[in-house]
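A.B. asks: Supplied in structure tokens, the structure appears directly below.
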Amino acid sequence: MIPPIEKFREAMTKYRGNLSQVARAFGVSRHAVYDWIKKEPDFGLVRDDARGEFLDEVISTARVVALGIPLKDDKGNFAGYQIPPDGSMLRYLLSTLGRAEGFGEKLEADINVQGAVKTLTPEEAKEFLKRFEEEY
């Protein structure tokens, strides 16, 4: 028997869209949950919404990993990192979430060194990132 949509929504929120856990909560198989979603389109929307909310949390965590957690001194000035930035995570986020903004497979970088901006070739950009990761 298909549960009321609100009970399904509560379970999907609680278990962050994990269908195995939702099925266990209702005492049914995953297949039964898939059948509910197929029979009741609103159940599919609830599933998508719960998974989207979970993905938002994951992206927030990935953002912290990518940017690191800075340390500040008593005056509020940058004093290093409690957790350093992760260049690999930053590149991943830019290549996936930043695709619409022009980030992706093509690797180019403009760097600003003492007021002078230089556009790097893909090879120079890769070398710059490699050195950056080694230093930081």
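Residue numbering restarts at 1 in every chain; chains get A, B, ... in the order shown in the structure tokens, and ligands count up from 1 in that same order.
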Tell me, which residues of chain A carry DSSP helix (DSSP H, G or I), written as a ChimeraX atom specification?
C.D. replies: /A:5-14,19-26,30-39,41-67,87-96,99-101,122-135
A.B. asks: Give me, as a list in words, all polymer residues having an atom no more than 7 Å from Phe43 in chain A, counting only C-alpha atoms and skipping those fewer than 6 positions away in the same chain.
C.D. replies: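 With the cut-off at 7 Å, the set is Ile5, Trp36 and Ile37 of chain A.
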A.B. asks: Quick one: residues within 8 Å of Ala11 in chain A, only C-alpha atoms counted, chain neighbours fewer than 4 positions away excluded, as a compact mmCIF listing (two decimals) with N, CA, C and O atoms, in the first residue's frame?
C.D. replies:
# COMPACT_ATOMS: atom_id res chain seq x y z
N LYS A 7 3.96 11.50 4.46
CA LYS A 7 4.81 10.51 5.17
C LYS A 7 6.03 10.17 4.31
O LYS A 7 7.14 10.02 4.81
N TYR A 15 16.02 10.65 5.37
CA TYR A 15 17.06 9.78 4.83
C TYR A 15 17.77 10.37 3.61
O TYR A 15 18.49 9.68 2.91
N VAL A 22 14.65 4.56 2.96
CA VAL A 22 13.22 4.87 2.93
C VAL A 22 12.41 3.58 2.87
O VAL A 22 11.42 3.41 3.59
N ALA A 25 12.35 1.98 6.22
CA ALA A 25 11.46 2.72 7.14
C ALA A 25 10.00 2.32 6.94
O ALA A 25 9.22 2.29 7.90
A.B. asks: Could you give me the residues within range 16-116 of chain A that DSSP places in strand (DSSP E or B), as a VMD selection string?
C.D. replies: chain A and resid 69 to 72 78 to 83 109 to 113 116
A.B. asks: With a distance cut-off of 9 Å and only C-alpha atoms, select the neighbouring residues of Leu93 in chain A, excluding the residue or stretch itself and same-chain residues fewer than 4 positions from it, and output the selection as an NGL selection string.
C.D. replies: :A and (59 or 62-63 or 66 or 88-89 or 97-98)
A.B. asks: Those same residues - N, CA, C and O atoms - I'd like them written as a compact mmCIF listing (two decimals), in the first residue's frame.
C.D. replies:
# COMPACT_ATOMS: atom_id res chain seq x y z
N ILE A 59 27.63 20.08 -1.82
CA ILE A 59 28.32 21.18 -2.49
C ILE A 59 28.86 22.18 -1.47
O ILE A 59 29.97 22.69 -1.61
N ALA A 62 31.93 20.63 -0.08
CA ALA A 62 32.99 20.65 -1.09
C ALA A 62 33.58 22.05 -1.22
O ALA A 62 34.78 22.21 -1.43
N ARG A 63 32.74 23.06 -1.06
CA ARG A 63 33.21 24.46 -1.12
C ARG A 63 34.23 24.72 -0.01
O ARG A 63 35.27 25.33 -0.24
N ALA A 66 37.41 22.96 -0.91
CA ALA A 66 38.11 23.64 -2.00
C ALA A 66 38.78 24.93 -1.55
O ALA A 66 39.90 25.23 -1.95
N SER A 88 42.63 20.29 -6.03
CA SER A 88 41.91 19.30 -6.84
C SER A 88 40.40 19.49 -6.72
O SER A 88 39.68 19.41 -7.72
N MET A 89 39.91 19.75 -5.50
CA MET A 89 38.48 19.96 -5.31
C MET A 89 38.05 21.26 -6.00
O MET A 89 37.00 21.32 -6.63
N LEU A 97 30.55 22.69 -11.86
CA LEU A 97 29.58 23.74 -11.57
C LEU A 97 29.86 25.02 -12.36
O LEU A 97 28.94 25.79 -12.63
N GLY A 98 31.11 25.22 -12.73
CA GLY A 98 31.47 26.44 -13.44
C GLY A 98 31.45 26.32 -14.95
O GLY A 98 31.84 27.25 -15.66
A.B. asks: Pick out the closest residue to Leu45 in chain A from this set: A:Met12, A:Val65, A:Ala125, A:Leu94. Count only C-alpha atoms.
C.D. replies: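 Closest residue, counting only C-alpha atoms: A:Met12.
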A.B. asks: Please indicate the distance in Å from CA of Thr61 in chain A to CA of Ser20 in chain A, rounded to one decimal place.
C.D. replies: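 Those two atoms sit 23.6 Å apart.
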A.B. asks: For CA of Val64 in chain A and CA of Arg99 in chain A, quote the distance in Å rounded to one decimal.
C.D. replies: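 Answer for the CA of Val64 in chain A to CA of Arg99 in chain A separation: 19.6 Å.
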A.B. asks: Within 9 Å of Gln82 in chain A, counting only C-alpha atoms, which residues qualify if same-chain residues fewer than 2 places away don't, as a PDB file with C-alpha atoms, in the first residue's frame?
C.D. replies:
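This is the output file out30.pdb:
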ATOM      1  CA  GLY A  68      40.014  25.833   3.013  1.00  0.00           C
ATOM      2  CA  ILE A  69      39.383  27.341   6.424  1.00  0.00           C
ATOM      3  CA  PRO A  70      41.502  30.419   7.043  1.00  0.00           C
ATOM      4  CA  LEU A  71      42.991  31.422  10.383  1.00  0.00           C
ATOM      5  CA  GLY A  80      47.351  30.999   7.489  1.00  0.00           C
ATOM      6  CA  PRO A  84      44.375  24.435   3.623  1.00  0.00           C
TER       7      PRO A  84
END
A.B. asks: Between A:Gly87, A:Glu101, A:Glu40, A:Asp73, single out the one closest to Pro4 in chain A, counting only C-alpha atoms.
C.D. replies: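 The closest residue to Pro4 in chain A is A:Glu40.
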A.B. asks: Which value, in Å to one decimal, gives the distance between CA of Lys130 in chain A and CA of Ile83 in chain A?
C.D. replies: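 Those two atoms sit 19.1 Å apart.
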A.B. asks: Would you mind listing what lies within 10 Å of Arg16 in chain A as a list of chain:residue names, with only C-alpha atoms counted and same-chain residues fewer than 4 positions away left out?
C.D. replies: A:Glu10, A:Ala11, A:Met12, A:Gln21, A:Val22, A:Arg47, A:Asp49, A:Ala50, A:Arg51, A:Gly52, A:Glu53, A:Phe54, A:Leu55
A.B. asks: Please dump the current selection as a PDB file, in the first residue's frame; keep N, CA, C and O atoms.
C.D. replies:
ATOM      1  N   GLU A  10       8.454  13.066   4.501  1.00  0.00           N
ATOM      2  CA  GLU A  10       9.181  13.050   5.774  1.00  0.00           C
ATOM      3  C   GLU A  10      10.332  12.035   5.732  1.00  0.00           C
ATOM      4  O   GLU A  10      11.444  12.326   6.174  1.00  0.00           O
ATOM      5  N   ALA A  11      10.043  10.850   5.208  1.00  0.00           N
ATOM      6  CA  ALA A  11      11.073   9.807   5.143  1.00  0.00           C
ATOM      7  C   ALA A  11      12.180  10.193   4.156  1.00  0.00           C
ATOM      8  O   ALA A  11      13.373  10.006   4.449  1.00  0.00           O
ATOM      9  N   MET A  12      11.798  10.744   3.022  1.00  0.00           N
ATOM     10  CA  MET A  12      12.808  11.147   2.035  1.00  0.00           C
ATOM     11  C   MET A  12      13.700  12.249   2.591  1.00  0.00           C
ATOM     12  O   MET A  12      14.910  12.254   2.350  1.00  0.00           O
ATOM     13  N   GLN A  21      17.067   3.231   2.535  1.00  0.00           N
ATOM     14  CA  GLN A  21      16.665   3.573   3.893  1.00  0.00           C
ATOM     15  C   GLN A  21      15.174   3.902   3.978  1.00  0.00           C
ATOM     16  O   GLN A  21      14.510   3.543   4.950  1.00  0.00           O
ATOM     17  N   VAL A  22      14.651   4.564   2.962  1.00  0.00           N
ATOM     18  CA  VAL A  22      13.216   4.875   2.928  1.00  0.00           C
ATOM     19  C   VAL A  22      12.412   3.576   2.871  1.00  0.00           C
ATOM     20  O   VAL A  22      11.421   3.407   3.591  1.00  0.00           O
ATOM     21  N   ARG A  47      11.214  12.748  -4.290  1.00  0.00           N
ATOM     22  CA  ARG A  47      12.547  12.113  -4.320  1.00  0.00           C
ATOM     23  C   ARG A  47      13.581  13.078  -4.877  1.00  0.00           C
ATOM     24  O   ARG A  47      14.647  13.270  -4.288  1.00  0.00           O
ATOM     25  N   ASP A  49      13.516  16.318  -5.002  1.00  0.00           N
ATOM     26  CA  ASP A  49      13.715  17.438  -4.095  1.00  0.00           C
ATOM     27  C   ASP A  49      14.620  17.035  -2.927  1.00  0.00           C
ATOM     28  O   ASP A  49      15.545  17.774  -2.564  1.00  0.00           O
ATOM     29  N   ALA A  50      14.384  15.866  -2.347  1.00  0.00           N
ATOM     30  CA  ALA A  50      15.207  15.398  -1.227  1.00  0.00           C
ATOM     31  C   ALA A  50      16.650  15.192  -1.671  1.00  0.00           C
ATOM     32  O   ALA A  50      17.590  15.570  -0.954  1.00  0.00           O
ATOM     33  N   ARG A  51      16.840  14.628  -2.833  1.00  0.00           N
ATOM     34  CA  ARG A  51      18.198  14.423  -3.332  1.00  0.00           C
ATOM     35  C   ARG A  51      18.867  15.749  -3.657  1.00  0.00           C
ATOM     36  O   ARG A  51      20.067  15.924  -3.453  1.00  0.00           O
ATOM     37  N   GLY A  52      18.093  16.703  -4.162  1.00  0.00           N
ATOM     38  CA  GLY A  52      18.636  18.029  -4.452  1.00  0.00           C
ATOM     39  C   GLY A  52      19.101  18.731  -3.192  1.00  0.00           C
ATOM     40  O   GLY A  52      20.155  19.382  -3.175  1.00  0.00           O
ATOM     41  N   GLU A  53      18.312  18.616  -2.109  1.00  0.00           N
ATOM     42  CA  GLU A  53      18.709  19.219  -0.838  1.00  0.00           C
ATOM     43  C   GLU A  53      19.995  18.587  -0.313  1.00  0.00           C
ATOM     44  O   GLU A  53      20.882  19.284   0.193  1.00  0.00           O
ATOM     45  N   PHE A  54      20.099  17.271  -0.443  1.00  0.00           N
ATOM     46  CA  PHE A  54      21.320  16.587  -0.009  1.00  0.00           C
ATOM     47  C   PHE A  54      22.517  17.052  -0.858  1.00  0.00           C
ATOM     48  O   PHE A  54      23.599  17.323  -0.325  1.00  0.00           O
ATOM     49  N   LEU A  55      22.301  17.176  -2.155  1.00  0.00           N
ATOM     50  CA  LEU A  55      23.370  17.636  -3.035  1.00  0.00           C
ATOM     51  C   LEU A  55      23.817  19.048  -2.652  1.00  0.00           C
ATOM     52  O   LEU A  55      25.013  19.353  -2.670  1.00  0.00           O
TER      53      LEU A  55
END
